[in-house]
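Structure file final09.txt (compact mmCIF, C-alpha atoms) follows.
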```
# COMPACT_ATOMS: atom_id res chain seq x y z
CA MET A 1 0.00 0.00 0.00
CA ASP A 2 1.18 3.53 -0.78
CA LYS A 3 2.15 5.92 1.99
CA LEU A 4 2.39 9.70 2.15
CA VAL A 5 5.45 11.17 3.86
CA ILE A 6 5.09 14.75 5.06
CA GLU A 7 7.71 17.08 6.52
CA GLY A 8 5.49 19.50 8.40
CA GLY A 9 5.77 23.04 9.63
CA LYS A 10 5.82 24.86 6.29
CA PRO A 11 2.97 27.33 5.55
CA LEU A 12 1.04 26.67 2.35
CA SER A 13 1.47 29.41 -0.24
CA GLY A 14 0.47 29.92 -3.87
CA THR A 15 -2.40 29.62 -6.31
CA ILE A 16 -4.21 26.48 -7.47
CA ALA A 17 -7.36 25.57 -9.42
CA ILE A 18 -9.87 23.22 -7.79
CA GLN A 19 -10.69 19.85 -9.37
CA GLY A 20 -14.17 18.81 -10.47
CA ALA A 21 -16.53 17.48 -7.83
CA LYS A 22 -16.41 13.74 -7.25
CA ASN A 23 -19.88 13.74 -5.69
CA ALA A 24 -21.31 15.50 -8.75
CA ALA A 25 -19.43 13.50 -11.37
CA LEU A 26 -20.47 10.07 -10.06
CA PRO A 27 -24.27 10.50 -10.34
CA ILE A 28 -23.82 12.32 -13.65
CA LEU A 29 -21.86 9.37 -15.03
CA ALA A 30 -24.61 7.05 -13.80
CA ALA A 31 -27.31 9.28 -15.33
CA SER A 32 -25.63 8.95 -18.72
CA MET A 33 -27.15 5.47 -18.85
CA LEU A 34 -30.55 7.12 -19.41
CA VAL A 35 -29.63 7.86 -23.03
CA SER A 36 -28.33 5.84 -25.95
CA GLY A 37 -25.44 7.71 -27.53
CA THR A 38 -22.22 9.52 -26.69
CA VAL A 39 -22.09 11.78 -23.65
CA THR A 40 -19.05 14.00 -22.98
CA ILE A 41 -18.42 15.14 -19.42
CA ASP A 42 -15.70 17.69 -18.66
CA HIS A 43 -13.88 18.50 -15.41
CA VAL A 44 -13.99 14.91 -14.14
CA PRO A 45 -11.12 14.26 -11.69
CA LYS A 46 -8.86 11.20 -11.82
CA LEU A 47 -9.96 9.30 -8.71
CA LEU A 48 -10.31 5.69 -7.60
CA ASP A 49 -14.10 6.12 -7.27
CA ILE A 50 -14.33 7.47 -10.81
CA ASP A 51 -12.26 4.53 -12.07
CA VAL A 52 -14.60 2.08 -10.35
CA MET A 53 -17.69 3.76 -11.83
CA LEU A 54 -16.19 3.64 -15.33
CA SER A 55 -15.28 -0.03 -14.82
CA ILE A 56 -18.90 -0.77 -13.89
CA LEU A 57 -20.18 1.10 -16.95
CA ARG A 58 -17.80 -0.84 -19.19
CA ASP A 59 -19.00 -4.08 -17.62
CA LEU A 60 -22.57 -3.05 -18.50
CA GLY A 61 -21.51 -2.73 -22.16
CA CYS A 62 -20.55 0.95 -22.45
CA LYS A 63 -17.40 2.35 -24.01
CA ALA A 64 -15.64 4.82 -21.74
CA GLU A 65 -12.47 6.90 -22.09
CA HIS A 66 -11.05 9.24 -19.45
CA THR A 67 -8.44 11.57 -20.94
CA LEU A 68 -7.08 14.45 -18.85
CA ASP A 69 -10.27 15.65 -17.12
CA THR A 70 -12.77 14.65 -19.82
CA VAL A 71 -14.83 11.45 -19.94
CA VAL A 72 -16.33 10.34 -23.25
CA LEU A 73 -18.99 7.71 -22.61
CA ASP A 74 -20.75 5.80 -25.40
CA THR A 75 -23.80 4.06 -23.95
CA THR A 76 -25.14 2.80 -27.28
CA THR A 77 -23.92 -0.76 -26.70
CA ALA A 78 -25.06 -0.98 -23.05
CA HIS A 79 -26.87 -4.28 -22.68
CA SER A 80 -26.85 -5.39 -19.05
CA PRO A 81 -28.76 -4.26 -15.93
CA HIS A 82 -26.54 -6.45 -13.70
CA VAL A 83 -24.04 -4.46 -11.62
CA PRO A 84 -21.16 -6.81 -10.67
CA GLU A 85 -20.86 -7.48 -6.94
CA THR A 86 -17.06 -7.25 -6.90
CA LEU A 87 -17.13 -3.68 -8.24
CA MET A 88 -20.17 -2.62 -6.23
CA ARG A 89 -18.43 -3.57 -3.00
CA GLN A 90 -15.62 -1.13 -3.81
CA MET A 91 -17.75 2.00 -3.89
CA ARG A 92 -21.01 3.04 -2.28
CA SER A 93 -21.79 5.48 -5.11
CA SER A 94 -22.47 2.52 -7.41
CA ILE A 95 -25.96 2.67 -5.88
CA PHE A 96 -26.61 5.64 -8.21
CA LEU A 97 -27.03 3.18 -11.08
CA MET A 98 -30.30 1.83 -9.67
CA GLY A 99 -32.52 4.59 -11.02
CA PRO A 100 -30.97 4.91 -14.48
CA LEU A 101 -30.78 1.15 -15.14
CA LEU A 102 -34.34 0.60 -13.93
CA ALA A 103 -35.59 3.39 -16.20
CA ARG A 104 -33.64 2.11 -19.21
CA PHE A 105 -33.97 -1.67 -18.92
CA GLY A 106 -37.01 -2.12 -16.72
CA GLU A 107 -34.88 -3.94 -14.16
CA VAL A 108 -31.65 -3.65 -12.21
CA HIS A 109 -29.68 -6.22 -10.23
CA ILE A 110 -27.42 -4.80 -7.52
CA TYR A 111 -25.77 -5.75 -4.23
CA GLN A 112 -25.34 -3.89 -0.97
CA PRO A 113 -22.71 -1.24 -1.81
CA GLY A 114 -19.33 -0.79 -0.16
CA GLY A 115 -17.35 2.37 0.55
CA CYS A 116 -15.95 4.13 3.62
CA ALA A 117 -16.66 2.60 7.04
CA ILE A 118 -18.05 5.77 8.64
CA GLY A 119 -21.26 4.31 10.05
CA GLU A 120 -24.49 2.74 8.93
CA ARG A 121 -25.82 4.10 5.63
CA LYS A 122 -28.98 2.25 4.69
CA ILE A 123 -30.46 2.28 1.20
CA ASP A 124 -34.07 1.91 2.33
CA LEU A 125 -34.97 5.43 1.12
CA HIS A 126 -33.62 4.56 -2.34
CA LEU A 127 -35.74 1.40 -2.46
CA SER A 128 -38.94 2.94 -1.10
CA GLY A 129 -38.61 5.83 -3.58
CA LEU A 130 -38.31 3.46 -6.53
CA GLN A 131 -41.21 1.41 -5.18
CA ALA A 132 -43.34 4.55 -5.13
CA LEU A 133 -42.58 4.94 -8.86
CA GLY A 134 -43.90 1.42 -9.52
CA ALA A 135 -40.88 -0.85 -9.00
CA THR A 136 -41.10 -4.27 -7.40
CA ILE A 137 -38.22 -4.99 -5.03
CA THR A 138 -36.96 -8.52 -4.37
CA GLU A 139 -34.14 -9.18 -1.91
CA SER A 140 -32.21 -12.44 -1.75
CA GLY A 141 -29.31 -12.42 0.67
CA ASN A 142 -27.07 -9.55 -0.36
CA ARG A 143 -28.69 -9.25 -3.79
CA ILE A 144 -31.41 -6.74 -4.65
CA ILE A 145 -33.54 -6.92 -7.80
CA CYS A 146 -35.75 -4.01 -8.87
CA GLN A 147 -38.22 -4.55 -11.72
CA ALA A 148 -40.84 -2.36 -13.39
CA ASP A 149 -42.53 -2.76 -16.77
CA LYS A 150 -43.34 0.95 -16.56
CA LEU A 151 -42.60 3.74 -14.10
CA TYR A 152 -45.24 6.26 -13.03
CA GLY A 153 -44.86 9.63 -11.36
CA ALA A 154 -45.61 9.83 -7.65
CA ASP A 155 -45.54 12.11 -4.63
CA ILE A 156 -42.62 10.97 -2.50
CA HIS A 157 -41.72 12.20 0.97
CA LEU A 158 -38.24 11.41 2.29
CA SER A 159 -38.04 10.90 6.05
CA PHE A 160 -34.47 12.23 5.84
CA PRO A 161 -33.03 14.48 3.11
CA SER A 162 -30.78 11.76 1.68
CA VAL A 163 -28.57 12.94 -1.17
CA GLY A 164 -28.33 9.53 -2.81
CA ALA A 165 -32.03 8.75 -2.55
CA THR A 166 -32.96 12.18 -3.92
CA GLU A 167 -30.67 11.67 -6.92
CA ASN A 168 -31.76 8.09 -7.60
CA ILE A 169 -35.42 9.09 -7.57
CA MET A 170 -34.70 12.06 -9.86
CA MET A 171 -32.94 9.84 -12.39
CA ALA A 172 -35.66 7.19 -12.42
CA ALA A 173 -38.46 9.74 -12.57
CA VAL A 174 -37.23 11.62 -15.66
CA LEU A 175 -38.53 8.81 -17.90
CA ALA A 176 -41.59 7.95 -15.78
CA GLU A 177 -45.09 8.73 -16.99
CA GLY A 178 -46.50 11.82 -15.28
CA ARG A 179 -45.26 14.09 -12.52
CA THR A 180 -43.03 13.17 -9.59
CA THR A 181 -42.62 15.38 -6.55
CA ILE A 182 -39.85 14.76 -4.01
CA ASN A 183 -40.61 16.37 -0.66
CA ASN A 184 -37.90 16.92 1.97
CA ALA A 185 -35.37 16.51 -0.82
CA ALA A 186 -31.68 17.01 -0.15
CA ARG A 187 -30.44 20.45 -1.25
CA GLU A 188 -26.74 19.90 -1.96
CA PRO A 189 -25.02 21.66 -4.90
CA GLU A 190 -24.36 18.24 -6.44
CA ILE A 191 -28.11 17.70 -6.74
CA GLN A 192 -28.44 21.03 -8.49
CA ASP A 193 -25.66 19.95 -10.86
CA LEU A 194 -27.48 16.68 -11.61
CA GLN A 195 -30.64 18.66 -12.41
CA ARG A 196 -28.72 20.87 -14.84
CA PHE A 197 -27.17 17.82 -16.52
CA LEU A 198 -30.49 15.98 -16.87
CA ASN A 199 -32.21 19.11 -18.18
CA ALA A 200 -29.39 19.55 -20.71
CA MET A 201 -30.36 16.11 -22.02
CA GLY A 202 -34.02 17.10 -22.29
CA ALA A 203 -35.44 16.33 -18.84
CA ARG A 204 -37.96 18.66 -17.19
CA ILE A 205 -36.92 19.19 -13.58
CA ILE A 206 -37.29 22.19 -11.29
CA GLY A 207 -36.59 22.80 -7.63
CA ALA A 208 -33.11 21.33 -7.03
CA GLY A 209 -31.52 23.33 -4.25
CA THR A 210 -34.83 23.55 -2.39
CA ASP A 211 -36.60 20.90 -0.34
CA THR A 212 -39.16 20.22 -3.10
CA ILE A 213 -38.14 18.89 -6.51
CA THR A 214 -40.66 18.38 -9.32
CA ILE A 215 -40.00 16.14 -12.33
CA GLU A 216 -42.25 16.02 -15.37
CA GLY A 217 -41.57 12.73 -17.11
CA VAL A 218 -40.47 12.76 -20.77
CA GLU A 219 -40.40 9.96 -23.34
CA SER A 220 -36.69 10.11 -24.07
CA LEU A 221 -33.46 12.06 -23.54
CA SER A 222 -30.66 13.10 -25.90
CA PRO A 223 -26.85 13.03 -25.36
CA CYS A 224 -25.08 16.26 -24.43
CA ARG A 225 -21.75 17.72 -23.33
CA TYR A 226 -21.54 18.98 -19.77
CA GLN A 227 -19.00 20.41 -17.27
CA VAL A 228 -19.03 19.29 -13.63
CA ILE A 229 -18.99 21.86 -10.81
CA PRO A 230 -15.89 22.43 -8.62
CA ASP A 231 -15.41 20.14 -5.63
CA ARG A 232 -16.49 22.00 -2.50
CA ILE A 233 -14.84 19.49 -0.15
CA VAL A 234 -11.47 19.78 -1.91
CA THR A 235 -11.96 23.55 -1.76
CA GLY A 236 -12.61 23.29 1.96
CA THR A 237 -9.67 20.96 2.49
CA LEU A 238 -7.23 23.49 1.05
CA MET A 239 -8.86 26.34 2.97
CA VAL A 240 -8.37 24.46 6.25
CA ALA A 241 -4.84 23.37 5.27
CA ALA A 242 -3.87 27.00 4.67
CA ALA A 243 -5.36 28.00 8.02
CA ALA A 244 -3.72 25.14 9.95
CA THR A 245 -0.27 25.90 8.51
CA LYS A 246 -0.68 29.69 8.92
CA GLY A 247 -0.40 30.04 5.17
CA SER A 248 -1.77 32.18 2.37
CA VAL A 249 -3.39 30.60 -0.69
CA VAL A 250 -5.52 31.62 -3.67
CA LEU A 251 -8.05 29.05 -4.84
CA GLN A 252 -9.36 29.33 -8.41
CA ASN A 253 -12.36 27.63 -10.03
CA THR A 254 -14.39 27.61 -6.81
CA ASN A 255 -17.98 28.42 -5.95
CA PRO A 256 -17.87 30.38 -2.68
CA SER A 257 -21.62 29.93 -2.11
CA HIS A 258 -21.07 26.17 -1.88
CA VAL A 259 -18.70 26.60 1.09
CA SER A 260 -20.48 29.46 2.85
CA SER A 261 -20.96 27.52 6.12
CA LEU A 262 -17.25 26.66 6.20
CA ILE A 263 -16.27 30.27 5.46
CA HIS A 264 -18.41 31.32 8.44
CA VAL A 265 -16.71 28.76 10.71
CA LEU A 266 -13.19 29.69 9.62
CA ARG A 267 -13.87 33.38 10.11
CA ARG A 268 -15.04 32.58 13.66
CA ALA A 269 -11.65 30.94 14.13
CA GLY A 270 -9.93 34.18 13.07
CA VAL A 271 -8.99 33.16 9.52
CA GLN A 272 -9.10 35.94 6.91
CA ILE A 273 -11.12 34.92 3.85
CA THR A 274 -12.14 36.96 0.82
CA ALA A 275 -14.25 35.73 -2.10
CA ASP A 276 -14.50 37.36 -5.51
CA GLY A 277 -16.24 35.56 -8.36
CA ASP A 278 -14.79 32.05 -8.51
CA ILE A 279 -11.70 32.96 -6.45
CA ILE A 280 -11.26 32.43 -2.70
CA LYS A 281 -8.26 33.88 -0.84
CA VAL A 282 -7.26 32.48 2.55
CA ASN A 283 -4.78 34.14 4.91
CA ALA A 284 -3.96 32.90 8.40
CA ALA A 285 -0.98 34.50 10.11
CA SER A 286 -1.84 33.72 13.72
CA ARG A 287 -3.02 30.88 15.96
CA PRO A 288 -6.71 30.04 15.38
CA LYS A 289 -9.36 30.82 17.96
CA ALA A 290 -11.43 28.09 19.59
CA ILE A 291 -15.05 27.74 18.50
CA GLU A 292 -17.55 27.02 21.24
CA ARG A 293 -19.79 24.68 19.20
CA ILE A 294 -20.01 23.33 15.65
CA VAL A 295 -22.77 20.92 14.61
CA THR A 296 -22.85 18.94 11.36
CA ASN A 297 -26.16 18.90 9.52
CA PRO A 298 -27.45 18.49 5.95
CA TYR A 299 -26.63 21.23 3.44
CA PRO A 300 -26.65 24.22 3.65
CA ALA A 301 -25.49 23.69 7.25
CA PHE A 302 -21.94 22.69 8.19
CA PRO A 303 -21.07 19.51 6.24
CA THR A 304 -20.11 16.22 7.87
CA ASP A 305 -17.40 15.82 5.21
CA MET A 306 -15.55 18.82 6.71
CA GLN A 307 -15.88 17.74 10.34
CA SER A 308 -12.57 15.87 10.64
CA LEU A 309 -10.67 18.57 8.74
CA VAL A 310 -11.90 21.47 10.86
CA MET A 311 -11.21 19.36 13.95
CA VAL A 312 -7.52 19.39 12.98
CA LEU A 313 -7.58 23.19 12.95
CA LEU A 314 -9.30 23.26 16.36
CA THR A 315 -6.63 20.99 17.89
CA LEU A 316 -4.27 23.96 17.36
CA ALA A 317 -6.72 26.62 18.54
CA ASP A 318 -6.44 28.78 21.63
CA GLY A 319 -9.10 27.36 23.94
CA VAL A 320 -11.72 24.60 24.03
CA SER A 321 -13.99 23.74 21.10
CA VAL A 322 -16.87 21.28 20.74
CA MET A 323 -17.69 19.41 17.54
CA LYS A 324 -21.01 17.54 17.37
CA GLU A 325 -21.56 14.94 14.62
CA THR A 326 -25.23 14.29 13.76
CA ILE A 327 -24.98 12.50 10.38
CA PHE A 328 -22.74 9.43 10.80
CA GLU A 329 -22.09 7.63 14.08
CA GLY A 330 -18.70 6.29 12.96
CA ARG A 331 -17.01 9.50 11.97
CA PHE A 332 -14.64 10.06 14.89
CA LYS A 333 -12.13 7.35 13.95
CA HIS A 334 -9.51 9.99 13.22
CA VAL A 335 -9.51 11.14 16.85
CA GLY A 336 -7.21 8.35 18.03
CA GLU A 337 -4.78 9.05 15.19
CA LEU A 338 -4.72 12.77 15.98
CA ALA A 339 -4.05 11.91 19.64
CA ARG A 340 -0.89 10.13 18.49
CA MET A 341 0.22 13.48 17.07
CA GLY A 342 -0.35 15.26 20.37
CA ALA A 343 -3.95 16.41 20.03
CA ASP A 344 -6.09 16.64 23.17
CA ILE A 345 -9.55 15.37 22.19
CA ARG A 346 -12.20 13.61 24.28
CA VAL A 347 -15.17 11.92 22.65
CA ASP A 348 -18.50 11.82 24.48
CA MET A 349 -21.17 9.99 22.47
CA ASN A 350 -21.52 12.04 19.25
CA ALA A 351 -19.54 15.04 20.48
CA ALA A 352 -15.80 15.72 20.54
CA ILE A 353 -14.35 18.14 23.07
CA ILE A 354 -11.12 19.59 21.68
CA ARG A 355 -8.61 21.37 23.90
CA GLY A 356 -6.18 23.26 21.72
CA VAL A 357 -2.46 22.55 22.02
CA PRO A 358 0.42 24.76 20.90
CA ARG A 359 1.59 22.29 18.26
CA LEU A 360 1.17 18.81 16.82
CA TYR A 361 4.04 16.37 16.30
CA GLY A 362 4.75 14.08 13.40
CA ALA A 363 3.81 10.41 13.76
CA THR A 364 2.87 7.36 11.73
CA VAL A 365 -0.91 7.35 11.35
CA GLU A 366 -3.50 5.44 9.37
CA ALA A 367 -6.30 6.78 7.15
CA THR A 368 -9.49 4.95 8.12
CA ASP A 369 -11.70 6.64 5.53
CA LEU A 370 -11.56 9.31 2.84
CA ARG A 371 -12.10 12.48 4.87
CA ALA A 372 -10.29 11.22 7.98
CA GLY A 373 -7.31 10.50 5.72
CA ALA A 374 -7.37 14.02 4.31
CA ALA A 375 -7.55 15.40 7.85
CA LEU A 376 -4.44 13.45 8.85
CA VAL A 377 -2.60 14.86 5.84
CA VAL A 378 -3.54 18.40 6.95
CA ALA A 379 -2.41 17.55 10.49
CA GLY A 380 0.91 16.36 9.06
CA LEU A 381 1.33 19.61 7.14
CA ALA A 382 0.86 21.60 10.35
CA ALA A 383 2.86 19.29 12.63
CA GLN A 384 6.45 19.58 13.74
CA GLY A 385 8.56 16.83 12.20
CA ARG A 386 7.75 13.93 9.88
CA THR A 387 4.32 12.34 9.48
CA VAL A 388 3.65 9.12 7.59
CA VAL A 389 0.05 8.53 6.49
CA GLU A 390 -0.75 4.91 5.65
CA GLN A 391 -3.73 3.41 3.76
CA VAL A 392 -3.60 6.21 1.21
CA HIS A 393 -6.05 4.42 -1.10
CA HIS A 394 -8.86 5.89 1.00
CA ILE A 395 -7.63 9.41 0.19
CA ASP A 396 -7.24 8.57 -3.50
CA ARG A 397 -10.99 7.98 -3.64
CA GLY A 398 -11.64 11.72 -3.43
CA TYR A 399 -8.45 13.68 -4.15
CA ASP A 400 -6.70 13.77 -7.51
CA ARG A 401 -3.05 13.12 -6.53
CA ILE A 402 -3.22 15.01 -3.25
CA GLU A 403 0.57 15.06 -2.97
CA HIS A 404 0.87 16.93 -6.30
CA MET A 405 -1.81 19.40 -5.28
CA LEU A 406 -0.13 20.19 -1.96
CA SER A 407 3.40 20.24 -3.41
CA HIS A 408 2.16 22.89 -5.84
CA LEU A 409 1.42 25.02 -2.76
CA GLY A 410 4.89 24.51 -1.35
CA SER A 411 4.34 21.62 1.05
CA ARG A 412 6.99 18.96 1.56
CA ILE A 413 5.04 15.82 0.77
CA SER A 414 5.82 12.72 -1.25
CA ARG A 415 4.29 9.34 -2.00
CA LEU A 416 6.08 6.10 -1.26
CA SER A 417 4.95 3.06 -3.24
CA PRO A 418 5.89 -0.52 -2.31
CA VAL A 419 8.93 -1.83 -4.15
CA PRO A 420 8.13 -5.10 -5.99
CA ASP A 421 9.87 -8.09 -4.47
CA ASP A 422 12.15 -9.22 -7.28
CA ARG A 423 14.58 -11.15 -5.08
CA ALA A 424 13.42 -14.48 -6.45
CA VAL A 425 16.07 -15.92 -8.77
CA THR A 426 15.35 -18.50 -11.44
CA ASN A 427 18.15 -20.97 -12.01
CA GLY A 428 18.58 -22.42 -15.45
```
Write out the structure in this file as structure tokens.
Amino acid sequence: MDKLVIEGGKPLSGTIAIQGAKNAALPILAASMLVSGTVTIDHVPKLLDIDVMLSILRDLGCKAEHTLDTVVLDTTTAHSPHVPETLMRQMRSSIFLMGPLLARFGEVHIYQPGGCAIGERKIDLHLSGLQALGATITESGNRIICQADKLYGADIHLSFPSVGATENIMMAAVLAEGRTTINNAAREPEIQDLQRFLNAMGARIIGAGTDTITIEGVESLSPCRYQVIPDRIVTGTLMVAAAATKGSVVLQNTNPSHVSSLIHVLRRAGVQITADGDIIKVNAASRPKAIERIVTNPYPAFPTDMQSLVMVLLTLADGVSVMKETIFEGRFKHVGELARMGADIRVDMNAAIIRGVPRLYGATVEATDLRAGAALVVAGLAAQGRTVVEQVHHIDRGYDRIEHMLSHLGSRISRLSPVPDDRAVTNG
């Protein structure tokens, strides 16, 4: 397994453009299955999760090429509604294929998805939403089969504003007969991006970004070319990294409105942030201030994906901060690793009490999931001495060569890959 080696203590400095959003690109790639033809999607980052999604699409019969940051996907030859279990176990976002495959083939065969171990993430809202549109669900062990000769519009109320369920229902409903209304829909920017993509192909959807989304079914869609939005979590990661290292960075190709809750939090911590158009400037010359209480909640509130990263900043703050996690029960696994670096954090149920320390110290730590891994990298950048981050494959799921991105901003970070064991000698 690859490792990241970081020599900490150097402030980040410079200008960098933000990659396309993983969490927007994945459902958009899945939604491409709703048409027969060639779809071109720009600003798609090179990530493990993207690679897995493209592998699944190829297994379903599509032709897919990912060159630089553009994916060209030909779905004309797609022939199978069976998502392979081996690939589905590698990535939870494979669940996004349920709606498109059901709408296109009248059936879909999937398995319980894999992904980061950050707590229980049921798919019952996905299934009940598709059932409301007319699908029959059959479960056999770990296998799930959804079938529908025809889909019909329906009024659907989500008990929780699930991003994945909202998107799956949207994708299935675009080809359903009649009107579908999703109440208590998730409001994330990635859902708004999916609406724009589907509408570019001829769908009739309004309301993404609010808690009520309305879809008027159409008979068919047409291929298009589309550009994915910037990644707000990568944006936030670099903002926090600049603050934690007392650096100064300029981030291009951002959408400041997508990170407004984070901007508010960082300003409370004393970080100077200015936003102009698609540019965000971050300056942090002094020790951060403690923040009395931060609570994660669905968008537009403070995002759970930024919880571990902001916690790193608060470990260096002057005073005591409290971070409350309300989305996933397993998202404090980074706390033990930060403690190895000198952080003073106590976990009480779903709250972390963080007493700021003057500095962190380099250590060998392990990434347990995507965002926890990114947080440990940021901690290593801010720490005194050398930090080694293991299990880097988790980080590669969401960051396009994170070591290149951070090196561009002046950090001392490198990737170590295992050396093949070629000691075996063949006599002859």
Counting all atoms listed in the file, give me one row per residue of range 149-230 of chain A with an atom at most 9 Å from an atom of range 299-315 of chain A, showing the shortest contact pair and its distance in Å to one decimal, sorted by chain then residue number, as JSON lines.
```
{"residue": "A:Ala186", "atom": "CA", "partner": "A:Tyr299", "partner_atom": "CA", "distance": 7.5}
{"residue": "A:Arg187", "atom": "CA", "partner": "A:Tyr299", "partner_atom": "CA", "distance": 6.1}
{"residue": "A:Glu188", "atom": "CA", "partner": "A:Tyr299", "partner_atom": "CA", "distance": 5.6}
{"residue": "A:Pro189", "atom": "CA", "partner": "A:Tyr299", "partner_atom": "CA", "distance": 8.5}
```
Could you state the separation of CA of Leu158 in chain A and CA of Ala185 in chain A in Å, given to one decimal place?
-> 6.6 Å
For CA of Lys324 in chain A and CA of Val295 in chain A, determine how far apart the two atoms are, in Å to one decimal place.
-> 4.7 Å
Work out how far CA of Gly247 in chain A is from CA of Arg340 in chain A, in Å to one decimal.
-> 24.0 Å
Of the residues A:Gly342, A:Gly385, A:Pro230, A:Gly398, which is the one nearest to Ile50 in chain A, using all atoms listed in the file?
->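 The shortest atom-to-atom distance to Ile50 in chain A comes from A:Gly398.
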If you count only C-alpha atoms, which residues fall within 10 Å of Ile182 in chain A, apart from same-chain ones fewer than 4 positions away, as a list in words?
->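 With the cut-off at 10 Å, the set is Gly129, Ala154, Asp155, Ile156, His157, Leu158, Pro161, Ala165, Thr166, Ile169, Met170, Ala186, Gly207, Ala208, Asp211, Thr212, Ile213, Thr214 and Ile215 of chain A.
Using all atoms listed in the file, the shortest contact distance between Ile354 in chain A and any of A:Glu366, A:Glu292, A:Asp149, A:Asp396 is found at A:Glu292.
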All residues 7 Å or closer to range 265-272 of chain A, all atoms listed in the file, same chain fewer than 4 positions away omitted, as a PyMOL selection string = chain A and resi 243+261+282-284+288-291
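Distances here use only C-alpha atoms; by that measure, the residue among A:Thr274, A:Ser220, A:Thr136, A:Thr181 closest to Arg104 in chain A is A:Ser220.
At a cut-off of 9 Å from (-35.2, 0.2, -14.6), the residue set is Pro81, Met98, Gly99, Pro100, Leu101, Leu102, Ala103, Arg104, Phe105, Gly106, Glu107, Val108, Ala135, Cys146, Gln147, Ala148, Asp149, Lys150, Leu151 and Ala172 of chain A (counting all atoms listed in the file).
In terms of minimum interatomic distance to Ala374 in chain A, A:Leu4 ranks closest within A:Leu4, A:Arg355, A:Asp318, A:Ala275, counting only C-alpha atoms.
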Taking only C-alpha atoms into account, which of A:Ile41, A:Met201, A:Leu73, A:Ala24 comes nearest Val163 in chain A?
->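 So, comparing all the options, the nearest one is A:Ala24.
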Using only C-alpha atoms, find the one residue out of A:Ile28, A:Val250, A:Gly336, A:Gln90 that sits nearest to His393 in chain A.
-> A:Gln90
Quick one: residues within 10 Å of (6.1, 10.4, 11.3) (file frame), counting all atoms listed in the file, please, as a PyMOL selection string.
-> chain A and resi 4-8+341+361-365+380+383-389
Would you put the residues from that selection into a file with C-alpha atoms, as a PDB file, in the frame of the given file?
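The new file again13.pdb reads:
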```
ATOM      1  CA  LEU A   4       2.390   9.700   2.150  1.00  0.00           C
ATOM      2  CA  VAL A   5       5.450  11.170   3.860  1.00  0.00           C
ATOM      3  CA  ILE A   6       5.090  14.750   5.060  1.00  0.00           C
ATOM      4  CA  GLU A   7       7.710  17.080   6.520  1.00  0.00           C
ATOM      5  CA  GLY A   8       5.490  19.500   8.400  1.00  0.00           C
ATOM      6  CA  MET A 341       0.220  13.480  17.070  1.00  0.00           C
ATOM      7  CA  TYR A 361       4.040  16.370  16.300  1.00  0.00           C
ATOM      8  CA  GLY A 362       4.750  14.080  13.400  1.00  0.00           C
ATOM      9  CA  ALA A 363       3.810  10.410  13.760  1.00  0.00           C
ATOM     10  CA  THR A 364       2.870   7.360  11.730  1.00  0.00           C
ATOM     11  CA  VAL A 365      -0.910   7.350  11.350  1.00  0.00           C
ATOM     12  CA  GLY A 380       0.910  16.360   9.060  1.00  0.00           C
ATOM     13  CA  ALA A 383       2.860  19.290  12.630  1.00  0.00           C
ATOM     14  CA  GLN A 384       6.450  19.580  13.740  1.00  0.00           C
ATOM     15  CA  GLY A 385       8.560  16.830  12.200  1.00  0.00           C
ATOM     16  CA  ARG A 386       7.750  13.930   9.880  1.00  0.00           C
ATOM     17  CA  THR A 387       4.320  12.340   9.480  1.00  0.00           C
ATOM     18  CA  VAL A 388       3.650   9.120   7.590  1.00  0.00           C
ATOM     19  CA  VAL A 389       0.050   8.530   6.490  1.00  0.00           C
TER      20      VAL A 389
END
```
How would range 172-177 of chain A read, as a PDB file, keeping the file's coordinate frame, once N, CA, C and O atoms are built in?
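Result written to selection-v8.pdb:
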```
ATOM      1  N   ALA A 172     -34.619   8.133 -11.991  1.00  0.00           N
ATOM      2  CA  ALA A 172     -35.660   7.190 -12.420  1.00  0.00           C
ATOM      3  C   ALA A 172     -36.890   7.916 -12.925  1.00  0.00           C
ATOM      4  O   ALA A 172     -37.529   7.498 -13.894  1.00  0.00           O
ATOM      5  N   ALA A 173     -37.198   9.050 -12.270  1.00  0.00           N
ATOM      6  CA  ALA A 173     -38.460   9.740 -12.570  1.00  0.00           C
ATOM      7  C   ALA A 173     -38.440  10.499 -13.885  1.00  0.00           C
ATOM      8  O   ALA A 173     -39.514  10.807 -14.430  1.00  0.00           O
ATOM      9  N   VAL A 174     -37.253  10.810 -14.433  1.00  0.00           N
ATOM     10  CA  VAL A 174     -37.230  11.620 -15.660  1.00  0.00           C
ATOM     11  C   VAL A 174     -37.897  10.901 -16.829  1.00  0.00           C
ATOM     12  O   VAL A 174     -38.426  11.548 -17.732  1.00  0.00           O
ATOM     13  N   LEU A 175     -37.892   9.568 -16.818  1.00  0.00           N
ATOM     14  CA  LEU A 175     -38.530   8.810 -17.900  1.00  0.00           C
ATOM     15  C   LEU A 175     -39.839   8.150 -17.456  1.00  0.00           C
ATOM     16  O   LEU A 175     -40.412   7.340 -18.181  1.00  0.00           O
ATOM     17  N   ALA A 176     -40.313   8.486 -16.257  1.00  0.00           N
ATOM     18  CA  ALA A 176     -41.590   7.950 -15.780  1.00  0.00           C
ATOM     19  C   ALA A 176     -42.746   8.711 -16.410  1.00  0.00           C
ATOM     20  O   ALA A 176     -42.600   9.864 -16.849  1.00  0.00           O
ATOM     21  N   GLU A 177     -43.889   8.081 -16.441  1.00  0.00           N
ATOM     22  CA  GLU A 177     -45.090   8.730 -16.990  1.00  0.00           C
ATOM     23  C   GLU A 177     -45.710   9.622 -15.920  1.00  0.00           C
ATOM     24  O   GLU A 177     -46.036   9.168 -14.833  1.00  0.00           O
TER      25      GLU A 177
END
```
